[in-house]
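Colleague: Provided herewith is a single structure, encoded as C-alpha cells, for subsequent inquiry.
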Amino acid sequence: MKTDLKSLTREELSAYISNLGEPAFRSKQIFRWLHRGVSDFAEMTDLPKTLIEKLREDASITTLRIFKCFSSQIDDTVKYLFELEDGNIIETVAMKYHHGYSLCISSQVGCRMGCTFCQSTKNGLVRSLTAGEILDQILKVQADLGIRITNIVMMGIGEPLDNLDEVIRFLKNVNDPEGINIGYRHISLSTCGLIPGIMRLAELELPITLSISLHATSDEVRSGIMPVNRKYHLEQLIRACKDYQARTGRRISFEYSVISGVNDRYEDAKRLAELLKGILCHVNLIPVNPIETGGYRPPSRKNVIAFQNCLIKLGLNATIRRTLGSDISASCGQLRHQNSEKGGAAL
C-alpha cells in the first residue's frame, strides 16, 4: 500500500520525508502543495526530480472526482456527488450565507447508526473515509466554485465520532496555517451521541463546536428513533455534555428534528428545557425531512414556530434551521440513495 500523503498531519509528513532521507523543509513544501489541491507530484514544481520519483514509487495523493453537481434555482446551494477512487459515492453541500460559504462534508460512506429519520443510514456503513478524502471535499469545492470555504459542518454522510482517528487528523490539517487554515471555531461536528468520542474530543480541547443530535426528550422515544440511545442513555449523554463543557468552556448545539405527533408537544418542550438545564447551549430546530422510507411528517410551520416560542419562554435559546437547496434534494443521503437506485456508482 502506498502512503496517502494528504491524510498525514504536518508532523507525520515530516517524519515520512525524514525517513526518505530528505531535508525537513521538503515536508513543508509538500504539505503546502497538497493543500492547494494538486493531484500529481509533477505539479510540485519546487521539488527535485529525484524526490518526485521517490514519491511516485512510495506515495499517493488522494483525489476525488466530481461525479454529479446540482445547483439550486432557489438559493445559492450547490450539492456535489463525489466519486472516491474505489468507486463509492459521497455527498458534500456548499451553502452561501452572509458571512461566506459553509461546507457540509461527509466522514463515511454510509452510516451504521441506524437513525430511522435519516436516509444516509438506510444501506448501512460501507467504510470510513480517510483524512485525505475528508479534506479533498473542501479542496475540490473551492476549486470548482472559485471561492474560499470559511466554515465547515461535519453533518454529512456518516458519524464523525465513529471515524475519530481520521477525523482528528482532518481537523488538525484543515486548521494548519500552512494549509487551508480554517479556524477551529469555524468548524462544527455533529454526533448522535457516542460518549467515548465526546470524551476524547474534550481531552484534546479543540475549540470546535460540538453539535449533539438529540431529537427526543425521553429514552423511550429516543431509543425508538435512534438505536445509539439503547447503549448510551439520555442521562449518560447529558452528563457527558456537561463534562465536555466543563473541560472546554464551549457552548454546545443540540439538533432537534421536529416530528409531527412524536416529539412536538408542549410536554416535549418542557422536558427538553429541564433536560438541558445548566448547559450553555443552543437548540437548532429542524422540521423533519419526509424521506421516502421514513414515514415521518414535519409539523406545520405554525406549529414549529409555536414549539420554538415555547422553548424560548422556558429559557432556551432556540432557532429554526433555514431550509436550503430543497429543489436539489440537499438533505443528507438523498442524492446518494437515488443515484444508487438508478445504477450509478457503487454504494
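Naming works like this for the C-alpha cells: A, B, ... for the chains as they're shown, residue 1 at the start of each chain, ligands 1 onward in shown order.
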Write out as number ranges by chain the set of residues from region 11-242 of chain A that DSSP, computed on the backbone, places in strand (DSSP E or B).
Modeller: A: 59-60, 65-71, 78-83, 89-97, 100-104, 108-110, 125-128, 149-154, 187-191, 209-213
Colleague: Give me the residues within 6 Å of region 75-85 of chain A as an MDAnalysis selection string, counting only C-alpha atoms and dropping any in the same chain fewer than 2 places off.
Modeller: chainID A and resid 64:73 87:96 325
Colleague: Find the residues around Thr62 (chain A) up to 7 Å (only C-alpha atoms counted), leave out those fewer than 3 positions away in its own chain, and share them as a VMD selection string.
Modeller: chain A and resid 4 6 132 to 133
Colleague: Mind dumping the selected residues with N, CA and C atoms as a PDB file, in the first residue's frame?
Modeller:
ATOM      1  N   ASP A   4      -0.719   7.522   1.710  1.00  0.00           N
ATOM      2  CA  ASP A   4      -1.571   8.628   1.279  1.00  0.00           C
ATOM      3  C   ASP A   4      -1.109   9.902   1.971  1.00  0.00           C
ATOM      4  N   LYS A   6      -1.928  13.019   1.670  1.00  0.00           N
ATOM      5  CA  LYS A   6      -2.943  14.009   2.041  1.00  0.00           C
ATOM      6  C   LYS A   6      -3.610  13.664   3.368  1.00  0.00           C
ATOM      7  N   GLY A 132      -7.574  12.346   4.194  1.00  0.00           N
ATOM      8  CA  GLY A 132      -7.367  12.971   2.890  1.00  0.00           C
ATOM      9  C   GLY A 132      -8.646  13.083   2.087  1.00  0.00           C
ATOM     10  N   GLU A 133      -9.508  12.061   2.165  1.00  0.00           N
ATOM     11  CA  GLU A 133     -10.781  12.104   1.448  1.00  0.00           C
ATOM     12  C   GLU A 133     -11.718  13.142   2.055  1.00  0.00           C
TER      13      GLU A 133
END
Colleague: I'd like the neighbourhood of region 224-237 of chain A as a list of chain:residue names, where a residue qualifies if any of its atoms comes within 7 Å (using only C-alpha atoms), though same-chain residues fewer than 5 positions away should be ignored.
Modeller: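 Listed by chain and then number, they are A:Met113, A:Gly114, A:Cys115, A:Thr116, A:Gly193, A:Ile195, A:Asp219.
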Colleague: Which of these residues is nearest to Leu161 (chain A), using only C-alpha atoms: A:Leu285, A:Leu201, A:Cys310, A:Ala131?
Modeller: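 Closest residue, counting only C-alpha atoms: A:Leu201.
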Colleague: Out of A:Arg239, A:Arg322, A:Arg127, A:His35, which residue has the shortest atom-to-atom distance to Glu178 (chain A) when counting only C-alpha atoms?
Modeller: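 So, comparing all the options, the nearest one is A:His35.
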Colleague: Could you check which of A:Met44, A:Leu311, A:Leu55, A:Leu171 is closest to Arg10 (chain A), using only C-alpha atoms?
Modeller: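 Going through A:Met44, A:Leu311, A:Leu55, A:Leu171 one by one, the smallest distance to Arg10 (chain A) is for A:Leu171.
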Colleague: Need to verify the contact set: Ser107 (chain A), 10 Å, only C-alpha atoms, exclusion of same-chain residues closer than 3 positions in sequence. Can you return it as a list of chain:residue names?
Modeller: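 Everything that qualifies: A:Ile90, A:Glu91, A:Gly110, A:Cys111, A:Arg127, A:Ser128, A:Leu129, A:Thr130, A:Ala131, A:Glu133, A:Ile134, A:Leu135, A:Met154, A:Met155, A:Gly156, A:Ile157, A:Gly158, A:Glu159, A:Pro160, A:Leu161, A:Asp162, A:Asn163, A:Leu164, A:Glu166, A:Val167, A:Phe170.
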Colleague: Report as a PyMOL selection string: the residues of region 189-308 of chain A with a DSSP assignment of helix (DSSP H, G or I), based on the backbone of this structure.
Modeller: chain A and resi 195-204+219-225+227-230+234-248+266-275+301-308
Colleague: Rounded to one decimal place, report the CA of Tyr97 (chain A)-CA of Phe117 (chain A) distance in Å.
Modeller: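 Calculated distance between CA of Tyr97 (chain A) and CA of Phe117 (chain A) is 26.4 Å.
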Colleague: Go through A:Ser223, A:Ser188, A:Leu275, A:Asp86 one by one, measure the shortest atom-to-atom distance of each to Ser102 (chain A) using only C-alpha atoms, and give the residue with the smallest value.
Modeller: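 The closest residue to Ser102 (chain A) is A:Ser188.
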Colleague: Leaving out Leu206 (chain A) and any residue of its chain fewer than 2 positions from it, which residues lie within 8 Å of it when counting only C-alpha atoms, given as a ChimeraX atom specification?
Modeller: /A:184,201-202,204,208,248
Colleague: Write to file, as an mmCIF file, in the first residue's frame, the residues of the selection just made, with C-alpha atoms.
Modeller:
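For reference, result.cif as written:
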data_model
loop_
_atom_site.group_PDB
_atom_site.id
_atom_site.type_symbol
_atom_site.label_atom_id
_atom_site.label_comp_id
_atom_site.auth_asym_id
_atom_site.auth_seq_id
_atom_site.Cartn_x
_atom_site.Cartn_y
_atom_site.Cartn_z
ATOM 1 C CA TYR A 184 -11.410 25.501 14.875
ATOM 2 C CA LEU A 201 -12.646 15.407 21.994
ATOM 3 C CA ALA A 202 -12.879 17.001 25.436
ATOM 4 C CA LEU A 204 -7.988 17.285 23.095
ATOM 5 C CA ILE A 208 -14.698 23.356 17.713
ATOM 6 C CA THR A 248 -13.661 23.072 27.036
#
Colleague: State, in Å with one decimal place, the distance from CA of Ala306 (chain A) to CA of Val262 (chain A).
Modeller: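 CA of Ala306 (chain A) sits 15.5 Å away from CA of Val262 (chain A).
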Colleague: Write out as a PyMOL selection string which residues come within 12 Å of Tyr16 (chain A) when counting only C-alpha atoms, dropping same-chain ones fewer than 4 positions away.
Modeller: chain A and resi 3-5+8-12+20-24+26-28+30-31+54-55+58-59
Colleague: Include N, CA and C atoms and write out the residues we just selected as a CSV table (one decimal), in the first residue's frame.
Modeller:
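Final file, selection35.csv:
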chain,number,residue,atom,x,y,z
A,3,THR,N,1.6,5.2,0.7
A,3,THR,CA,1.3,6.1,1.7
A,3,THR,C,0.5,7.3,1.2
A,4,ASP,N,-0.7,7.5,1.7
A,4,ASP,CA,-1.6,8.6,1.3
A,4,ASP,C,-1.1,9.9,2.0
A,5,LEU,N,-0.4,10.7,1.3
A,5,LEU,CA,0.2,11.9,1.9
A,5,LEU,C,-0.8,12.9,2.3
A,8,LEU,N,-1.9,12.6,6.0
A,8,LEU,CA,-0.9,12.8,7.1
A,8,LEU,C,-1.0,14.2,7.6
A,9,THR,N,-0.8,14.3,8.9
A,9,THR,CA,-0.6,15.7,9.5
A,9,THR,C,0.8,16.2,9.1
A,10,ARG,N,1.0,17.4,9.4
A,10,ARG,CA,2.3,18.0,9.0
A,10,ARG,C,3.4,17.3,9.8
A,11,GLU,N,3.2,16.9,11.1
A,11,GLU,CA,4.2,16.2,11.8
A,11,GLU,C,4.5,14.8,11.3
A,12,GLU,N,3.4,14.1,10.9
A,12,GLU,CA,3.5,12.8,10.3
A,12,GLU,C,4.2,12.9,8.9
A,20,LEU,N,12.8,9.2,4.2
A,20,LEU,CA,13.2,9.1,2.8
A,20,LEU,C,14.6,9.7,2.7
A,21,GLY,N,15.2,10.3,3.8
A,21,GLY,CA,16.5,10.9,3.7
A,21,GLY,C,16.5,12.3,3.2
A,22,GLU,N,15.4,12.9,3.2
A,22,GLU,CA,15.3,14.3,2.6
A,22,GLU,C,15.3,15.3,3.7
A,23,PRO,N,15.7,16.5,3.4
A,23,PRO,CA,15.8,17.6,4.5
A,23,PRO,C,14.3,18.0,4.9
A,24,ALA,N,14.2,18.4,6.2
A,24,ALA,CA,13.0,18.7,6.8
A,24,ALA,C,12.1,19.7,6.0
A,26,ARG,N,11.5,20.0,3.1
A,26,ARG,CA,10.7,19.5,1.9
A,26,ARG,C,9.3,19.1,2.4
A,27,SER,N,9.1,18.7,3.6
A,27,SER,CA,7.8,18.3,4.1
A,27,SER,C,6.9,19.5,4.1
A,28,LYS,N,7.4,20.7,4.4
A,28,LYS,CA,6.6,21.9,4.4
A,28,LYS,C,6.2,22.3,3.0
A,30,ILE,N,5.8,20.2,0.5
A,30,ILE,CA,4.9,19.2,0.0
A,30,ILE,C,3.5,19.4,0.7
A,31,PHE,N,3.5,19.7,2.0
A,31,PHE,CA,2.2,20.0,2.7
A,31,PHE,C,1.5,21.1,2.0
A,54,LYS,N,10.9,9.4,-6.0
A,54,LYS,CA,10.7,8.6,-4.8
A,54,LYS,C,9.3,8.6,-4.4
A,55,LEU,N,8.6,9.8,-4.4
A,55,LEU,CA,7.2,9.9,-4.0
A,55,LEU,C,6.3,9.1,-4.9
A,58,ASP,N,6.5,5.4,-3.8
A,58,ASP,CA,6.1,5.0,-2.5
A,58,ASP,C,4.8,5.7,-1.9
A,59,ALA,N,4.4,6.8,-2.6
A,59,ALA,CA,3.3,7.6,-2.0
A,59,ALA,C,2.2,7.8,-3.1
Colleague: Looking at A:Ser39, A:Asn263, A:Ser253, A:Asn181, which one is nearest to Val283 (chain A), with distances taken over only C-alpha atoms?
Modeller: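 For Val283 (chain A), the nearest of the candidates is A:Ser253.
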